[in-house]
Structures are given as C-alpha cells and as structure tokens.
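Presented below is the structure to which this report refers.
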Number of protein chains: 2
Amino acid sequence: MNPDIQKERQKATFEVEKLTHILDGGPEKTRRRREIESLVINDSDFKEEDPNFLSRSERYDQAVRKSAQMILKMREYGIADPEEIYCYKSIFRGNFHEAMGLHFVMFLPTLYGLCDPEQSRKWLPLAKSYQAIGTYAQTELGHGTHLRGLETTATFDPATQEFILNSPTVSSIKWWPGGLGKTSNYAIVLAQLYTQGNCHGLHAFIVPIRDMNTHQPLPGIVVGDIGPKFGFNEVDNGFLKLDHVRIPRDNMLMKYAKVDPDGTYVKPPSAKLTYGTMVFIRSMIVGESARAVAKSSTIAIRYSAVRHQSEIRPGEPEPQILEYQTQQYKLFPVLAMAYAFTFVGQYMSQTYHRITGDINQGDFSELPELHALSAGLKAFTTWAANSAIEVCRMSCGGHGYSRSSALPDIYVEFTPTCTYEGENTVMMLQTARYLMKSYRQARAGQLLHGIVSYLNEADHQRVQPQLVAARSTGIDISDLSGLVEVYKLRAAILVELAAKSIQKELQQRKSQEDAWNNSAIDLVRASDAHCHYVVVKLFTDKLGEIDDAPIRSVLSMLARLYALHGIMNNSGDFLLAGLLNGSQVLQISARIKELLSELRPNAVALVDAFNFHDRMLKSVLGRYDGNVYEHMFEWARRSPLNSTEVHESFEKYLKPLRSKL
Amino acid sequence: MNPDIQKERQKATFEVEKLTHILDGGPEKTRRRREIESLVINDSDFKEEDPNFLSRSERYDQAVRKSAQMILKMREYGIADPEEIYCYKSIFRGNFHEAMGLHFVMFLPTLYGLCDPEQSRKWLPLAKSYQAIGTYAQTELGHGTHLRGLETTATFDPATQEFILNSPTVSSIKWWPGGLGKTSNYAIVLAQLYTQGNCHGLHAFIVPIRDMNTHQPLPGIVVGDIGPKFGFNEVDNGFLKLDHVRIPRDNMLMKYAKVDPDGTYVKPPSAKLTYGTMVFIRSMIVGESARAVAKSSTIAIRYSAVRHQSEIRPGEPEPQILEYQTQQYKLFPVLAMAYAFTFVGQYMSQTYHRITGDINQGDFSELPELHALSAGLKAFTTWAANSAIEVCRMSCGGHGYSRSSALPDIYVEFTPTCTYEGENTVMMLQTARYLMKSYRQARAGQLLHGIVSYLNEADHQRVQPQLVAARSTGIDISDLSGLVEVYKLRAAILVELAAKSIQKELQQRKSQEDAWNNSAIDLVRASDAHCHYVVVKLFTDKLGEIDDAPIRSVLSMLARLYALHGIMNNSGDFLLAGLLNGSQVLQISARIKELLSELRPNAVALVDAFNFHDRMLKSVLGRYDGNVYEHMFEWARRSPLNSTEVHESFEKYLKPLRSKL
C-alpha cells in the first residue's frame, strides 16, 4: 500500500463501509453485490486481454466470447433477477459494452411486449436458446428520432400473404443498431406499413437477416458493420439494406396493431403503451451518469493523493497535487456531483417502480410528470457527467491521456448517452413543453401538484424578475433549505422568461411553431434550471434519511458544495433575478473555498465508499493500493508495440532513407 | 453537389475567396498554400489507408513510411522555408501526428541551440542525414513540468572522462517523449548534473540509445513504447530507463554550461536563453486551437446544412437542422471563436517575430508581457477549443460519433494541448503572477504600458466593484468598442479581487505561498478574464484592417456574437461588478438571437472561407459537396470487420453456445 493513500484513509471522519451500505441501498444489498462480483473475480475462466492492446476484430472476437461465456455462467450460478444480472454484467463488462447487449435490452423485451400469444410460442424459445440472436433496427442513415421521417417500407401483398420490406434510398438504410453488423441473424425492423394503398405509420416486423446455420446474409439483404467509432469497439453497430425482402404476414408483431389476411389494417387500442419503457431507460441512464462520474472521480482523487508535483512552499518536497486549491476546485464538485446523481438515480428508479404499479392498475396520472422529468434529467445528468469525466481526465495531467488510466475508455463509452435514447437538446425541449403547459395551467388558475407546483400563481407572485436590485432576498445561503429555495425561484423565473419569449413572438404574429423555435434557447435554459432545482432538492431530501451523524455531516458538505458551485457557475441568473445580491455571491465564493478545505481529509474515503473493485475500474491511476508507477511501467511493457525490440518499419523505411539522401 | 449546400452558397453576401485571402495573410499566400497542397493531393505516391481501419502497429508503420516519404518529397520539391514546411505537413498529416515529429521540433532545434561549434560539426550532419534520429527526453514517470523534481542523474567520472546516466527509481523513468519508444536511436536526456560532489541542476546530454546499424537497444538501456493512448496512435511515445549508462564527456551539450576535464563546472552566462522557444511554441498552439475549431465547425455546419430532421411546422418536410435556433446557438458561437482565435494566432505570431528582432538586438523589455500572454492564451484557447470540438461532434448527433466524421480524431489529437507545453491551470497561474506583479506596480504609482495598462491607478479608480447596483454604466453594448471596454473593466475587477484575496490571507498571517495557493481559484479567474479581454480586443482591432465592406460587415457580426456570447456565459461577473445592469443582460440575450438569424445565410460561406481541402478534413460529414450518406455507406463497407461476410466468432462461440443450453 502506498503510504500517502494509507494516510488519507486514516484521516476519514466517518465509517466508509456504512456509507457504502447507503449507496447500495442497505447492508444486505452490499453483501449480495460483493458475492456476485466475487463470482467474476475468482473465476479463472475469465482471463482476458486489455482490449486496448487488441485490433478491432480481436476486440469484437473477445467480446463475443465473453458474452457467450456470461450467458452460460449466469445460468450456472442461477443469476436471473434483473438487478443481479445488472450487477453481474457491470463487473463482467468493466468499462466496455457487451457485443450482444441489444439482444437482451431490446430484442427480447420487444418480443415479450409485442408478440401475440401464437408469436410468443414461436419466437421466444428461439430467442431464449440463441437460435435467434436479434437486434432492434429503427434509426436510418438519414433519419433519427423523428419517427415519421423513417423511410423503410413494409408493403403487404395479399396474393402471397407476405410483407415486402424495402429500403428505397441510401438514406433509408438502417444504421447504428448494436449487434446488427455481424452478430444477429434476426432484426426487428421498424418500417412504414402500407396495405390496401394506405400508409399506417411505423410498425415492427421480425426480419430474418442471416441463415441460421451458415450465418450468411440472406438474399436481398446487405448487412455489415458501420465501421470504427469513437468507442463501442466491442459492439458491431450495423447497417441493413433491404431489397424487396419478403417475410410471412405473421412476422409482423401483432399484439396490438394487426393486418388481416385480406389486408385490412386493425388499429392498436392505445398509443401510450410504449411510453413506459422509454421512461425506464432514461431513468436508468441517470444512474449510469452517476456511475461514470463516481468511477472517474475515484480514479482522479486517488491519483491526486499519490501524485506529487511542483511546490507550494519553496525548498519543501513536492506536495500531493490534492493540496492545490485549483485541483480541489476541479475534483470536489465532481465528487459532489457523483453523490447527487447517485441519489437522483435511486429516486428515479424508486419512482418508476411505484408509478409502474399505479399504471398496472390503470392510473396514468403521474406518468406525464415522470416522462418530462426523465427526459430532462437524462439530458441534464449526461451533459454534466460528460464534462466531468473530461475534467477528471485532464486533472491527471499527461497520464490521464494514457489508456492505462481508463479515463479515455470511460469517456468514449459514456458520451453516446448524450445522443442516444433521445438527443439531449430534444430531451430538454420535451421537458420544456411540459413546463410551458404547466405554466399555462397555473396561469389559468389550475392548482399544480408535484414537482412543478412552484409554478402555482401564489408562489409565483413573489418571484417576478427584479432585474438586479441591490436588495437582500432574505434567503439564508448557509442553510441548505435556503439553497433549495433559490434554485426553485430561479427555475420559476426562467420558466416565466421562456413563456414570455413565446408570447412576444406570438404578438409579432409568428406562428406557434416559429414562436417555439425562436424561444428554444430560453426553453432549454428553463428546463436546465428546473432539473438543477430537482437535483439539489433530492440531494437535500436524502440527507433527512441518514441517521449516522458523521456521514450526514460529510454528505451535507457535499450537498452544499454541489449547490453553491452550481450558483457560482450560473451566478448571472441569480443576480439578474434579484434572488441573491452581490455580497451574497462573494460570500458564496468564500464559502466554497472553506468547503474544499473541510472536505479535503475525507476525499479519498468518499471515493472509497463507491466501492469499485480494481477489476471493475481497470485503471492503473485509480488502483486501491495507490501503487501507480510500477503498474504503469508493467502495463506499458505488455503493449503490443513492445513485442519486438525493433519494429519492422526500421528495416523497411528508416534504413533505406539514409541511403537516399 | 448536394442541392441544399449549393443553395447555401448562393445565399452568401460576400466573396468567399477574398475572406480566404485575409485568413491566409494575402492572395499570394493563398496561391502558394494551394500550390503546396496540390503537391500532396496530386502525388500518386501518397495513397494511404484510413488509419482508423488499421491496428496500432500498422498505424505506426504507415506513419513511419509517410514520414520517410515526406522527407524525400520536401527535398525533391525544395520546400525549406518553415512556413511552407508547416503548410506541406498540415495537408500531409491530415488530422493525425507525425511519427518523427520530435526529431524536427525538438531534437534538431536543441542541437542547433545548445551545441558548441565542435559538437555542431559532429552531430548536425548525423541528424540531418537521419543517421541519428532523435527525441527530447525530459518528463519522467513521476515528474512533469517541475524541473527541480526530475530524478535522472548524470554524474561526471573524471577518471574515464565520462558521464554516468542513471534512472535511480521507477518514478525517474523517462516517460512520454514522442518517437522515443521505437523510432529514435538518440535521445537528448535532461538530467541533474553531478560533478565534484555537487548537483548543478538540469542539463542536456546526447545519449545513444539504439545501435545505429541494428537498431537494437544498447547495453544498460531499457526502452519501449508506453502503450495505447486516447489518440496519438501514430506516435511511439516512449519510456527510457538508464542503468549506469556511460557517455563521453563531450556528449554534454556545452554551448553555455560546461564541465571541464577535471570536473570543474562552468555556469552558463544567462538563464533567459531558453525562454524564447517556449514562448514560440505556446504561440503556435494558439494557432492550432484556431485550426481545430475551424475544422470542427466546418464539418458541423456543412453537415447541419444537408441533414434534415424532425419538424418545426407540422406537415412540412423535415427542415435542415441548421434552421433550429438551438443548433445555431451551438455552432455559430463556435464559428465566431474560430475566427477570433485565427486572428489572435496571427497577432501572436507577428508579435513573436517582432520581439525576436528586438531580442536579437539585446532588448528584452517586451518579453515578460509576451511570455505571460502566451501562457494564458495557450490555456484560454486550448480549453475553449477543446470544449468547442465536442460541441461540434455532439451537434452532429449519432453520426458525429463515427470515426468517419473525423471529429473524434480531431478531438483526441487536439486535447493534449491542454496538458503539454505547460498544464493549463499552471499556465493560467503564470499569467496571474504577471498580473499580480503589474497590479502591485500600478498601486505603487508606476505607469504600466502595453496590454496591462488598464491596471493603472487612474483607470482603476473608476472600476471599484459596485456589488450590483441597478445603475447603467453608460456603456453602449451595441457598439463593439463598448464591449471591449466592459471586458477590460471586468478583467481589472477580477485582478483586483484576486489581489485582495491574497491580501486578506496575508492579514490572517498566512505565508506568501499559502496565501497564493488559497487564492488560486481567483487568480485563474483573473487570468481568464484578462485573456478573454485580449481576444475580444484583438478581434475588434482586426476589423479595422479590413477594407472590403461586405466582409467587414459579416466579421463584425461574428465579433459581436463572440463578445456577447462570452458575456452571457459569464453574466454574473458583469452584473456583480455593476458593469451591466439587468435590462442590458436581457437585451444582450435578445441581440444574440438576432445575430444568429443574421449570420444564418452566411454560415456555410464562412466555413468555406477556411478553405480546408477535403483531403485535409478527411470527414465524410464535412465534405465540400455535401454528399454525406453515399460516402458514409461506402466508407463503412471498407471497414475491416466487413472483409468477410461471417466473422470467425460465429463458428467459435455462437454456434457452440446453442448446443450448451
């Protein structure tokens, strides 16, 4: 154990293990998580090469081997509960993604959700035995989230009782689905349904794409890998071009919508049915944001405790870089964010499960708010986490740029969350739509409930933008509930500003749509402020649940730092609205510095509490034992470029060069 | 040509070619640049594979081949002027780095700068004929910018007239130098010089590391590649461990410092001599920031002009994504930044050359200001560019994540500039040191000249922080010179706040060093504000040099957008100081929206003016002809994972899996 990091651990003012229990959701959950993790850690079958040392094809090969292995192991160990599967996969995957992820996340659930009983009997056994390995093909080369823009067609031919699937243009080629390029032999294809000369919009079809025995692409199918990406090297994101491919009528998933043998189209009973899954996935991503930030801050803070550099006082030995105020100012707000997002993730998951219960009993009343919140929080947390990972990487200096730090891998594997499952700006605008609707309802005298209740007229009267008066708002910034209050008022004001921008555009005789687009900057800001308020509020609420005094004390410092740092980064909003005055902002700036010093002794303990096994972090810089340099040297020597002392390019190019000059 | 992008070009209100001349520095420079570029573009010897399709070893191999080829070609074409070499290399390299870069950038210049006449006669011919291929080995595994912390020793042994080079610890292993791992047979090693029992600090030594014929590492040398990184796959950044390696006395570079045969150490006459190179390299990096942002915005804006997505008005066809206000708000400020940094880069380069002239005549007076400015601007522009590249990538949605967009490559090759040649936070603090010194001088009644003259007492009186009064400052924000003025006042105030923070710490009996560290957040903010002011000022100054009215008009919109967007993102500073009042901030917000609309018709023309050849951009999304989708499909099909229809992993893992279940 590196003596510096040992000393850090001795300085902790709280019991790390107890905080780990809180993060896991109880001591029993921590125990079971570790039990599952140890199945992977102690399994000698799971030797693998660092993917960074492999070619793309070798990486894909290793990933397929691991996926196949994992399927067998989970059966062997009887891991079947979704939470336990998630836990097992997390340690199994490390920082990378699974080759066969889409089969589990989209193909199987879609079959479960959209097959009629007969179809279930046919397809589920094939999928569960991996005779059929599948993916979900929605996005096209020229089309993303806007479903009506998709061009792939499925035209019913009553003469043969078949659908003809076709990609009419280059831009209609299916593009991006994970596992489509090489792994899958089936795809659920989303296509515009045509029957009896009419288009009935997007529907899902099971399309065989490769021969089940030879795995060769079937006639009319052009399928392949879309090529190298920023990350996701383990995943064969693919393309699929369909040239009048015929499939039987009953390959259309018919639980809700149907096409009868004569071509008659039967509408689905309700459009709300796929709503829930989307909300669930976005809520999950909030948890992924927390995880990515927790990992990154663990690496950067542990490394900052063992790295010595430069000098504060001349003549003294180089200090740990964690002593520098600028380093603390980079990393401690990120640490606070990791805790904030973890608790928000817990809240989203609990709320989702509670509301799902209501929905199953026919009560949809809370769904719109959760839908709006999950969209906005998905965007808010992924954007923030995306930047935070890079702050952590760059805070490690040059060594953060080495793949041995794991930070480049964490970044490239995480950053797509800003785009997939709803592009973030589009997500923010979805939340804004809900906020605008709520605002109008409140203005019309309706009483709002839930998180948006701050838009109610009565509250609202108090918070007209004051345009920077040098007055005190009477809000106590040393008190967490006071901070929640200013965030709430800021959200209310920015919602109001966005609404007024739309009104102004309408008064200038713009159409509703143009008014919306011309106010989009304000709408995104309003959503952002709303989400920021929710995060600060949920973090603060969580403190009330914690009995252990030393832990509550250190978490309360983190909550304050999170809230105050957010105010400093957006101080214009608070000043503009007269929510804070200038001397309060200066006080906040001073208070942040104090909090950095107060958190300093607990920094390593606070990342230890996330309890990431070295096997999961896969970071030389983030090692629990702090023995960074020896292992960096050892890692480098294993690099493939060192397999020979002299690279062949010397004889091929460098030696001949001399004679040519 | 894609019709959308053609239409965009027809909308331009200015002559693109004339703006290109301004960016190049005159029509003659544009002509010569294109001439040099065409040497590469039309040379059939330069066929190469997209590095993204290659393994690490293949990438390195291709890079060495290209470097060797380039050396021969430049001799053939008689390209010898530094500016022309830079231009040739830029198009030759595309978005990647050279394998042999350090030989040209550090090894040769150090030999030129530090060899005494006899050493020059020996080493320069070897280096210029590539018998000796070299690198510059300074940083160590455990040590970065802090030179006194470096551990490698060079101990003089008078008995044999040799230096003994040694790496006493793991942390002293030389780490990171480009070309050290595989390419170089010589390294200039920086080591602590010991003679007659005394340490004389860091000196440079020429150390042979590989046999000149076999390229095998020499006895006592452990050398290799440090392993995969975020980017820089073409470069063999290396490690070097020296085990009591003996080199002749005259392998110490002796132009200034010397060790006599009896071991007597002779001090160098002045310490300022290496100062200039550092300033030069940092100034160059400002230009690199401009280039990276110009490339990224070219790609993102062209793609946004051909990509159609979602809807603004229901029922109408999907609009170009450049019609969305949120997309304009992401990309146009980045476009403005590209222009701003280009002009700042031009200024830095001109100033460096002017001051170098003075220095050669013994006048060092302007060097400290340029040194401080180059440090701060290096940090300011690289941080901003780093974020801007990612904004561009994410604005392209999913396709930005594909390596075919080139944006991931631009990012990973650029981001090290935030760390190398001086870690950015350290750079900001260097500038802050100069600002604090200037502030104290002004307070002591000294009259400051140059860029910091705004700290003079007379000016200063006017700008005491007002802590948010709802007063008007009388500054006209519709006028560019008014905007320069508020940026200047903001810088003055933040310098003052940082100075006061230090004073306060000192009053609390902190040491000078602790007071500095405890004020570091404020010091970085002060430097940032200073640099921001300089950028806004230089952009505005540049407008005065432009005669062409349509071009001046559109550049003036960009300058305004750059300045106003910066105010919005830091509005707290301006409000807090009473430099702007609330209604002015709201006006600015509205004015930004107007500028987005006003710039919209010229967006594509403004990126066209950067005049990047497709060959240099290497981006499917950024193609000049806008034919994105066809070429994306074609690129994907060339991906190595598509070399066979069925990947071997199917037979190895997926088929056997079925039988095991």
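Letters A, B, ... go to the chains of the structure tokens in the order shown; residues in each chain start at 1; ligands are counted from 1 in the same order.
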Range 330-516 of chain B: residues DSSP assigns to helix (DSSP H, G or I), reported as a ChimeraX atom specification: /B:330-360,367-395,397-401,403-405,407-418,424-443,450-455,457-461,480-507,512-516
CA of Ile36 in chain A to CA of Cys87 in chain A, straight-line distance in Å: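 Answer for the CA of Cys87 in chain A to CA of Ile36 in chain A separation: 7.2 Å.
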Exercise: range 4-19 of chain B partners within 7 Å, only C-alpha atoms, chain neighbours under 3 positions left out, as number ranges by chain: B: 1, 22-23, 305-306, 550-551, 601-602, 604-605, 609, 626
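Shortest separation to chain A among B:Val170, B:Ile285, B:Val245, B:Leu253 occurs at residue B:Val170, atoms counted being only C-alpha atoms.
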Contacts of range 425-430 of chain B within 9 Å, only C-alpha atoms, excl. fewer than 2 positions in-chain, as a list in words: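 The residues satisfying every condition are Thr326 and Gln327 of chain A; His371, Ala372, Ser374, Ala375, Gly376, Leu377, Lys378, Ala379, Phe380, Cys418, Thr419, Gly422, Glu423, Ala432, Arg433, Tyr434, Leu435, Ala520, Leu523, Val524, Arg525, Ala526, Ser527 and Asp528 of chain B.
Near Asp541 in chain A, within 12 Å and counting only C-alpha atoms, sit Ala340, Phe343, Val344, Tyr347, Leu480, Ser481, Val484, Val534, Val535, Arg552, Leu555, Ser556 and Ala559 of chain A; same-chain residues fewer than 6 positions away were not included.
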Expected answer as a VMD selection string: strand (DSSP E or B) residues in range 98-151 of chain A: chain A and resid 134 to 137 140 143
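Of the residues listed (B:Ile355, B:Leu483, B:Leu617, B:Ile164), B:Leu617 shows the shortest atom-to-atom separation from Arg93 in chain B; distances use only C-alpha atoms.
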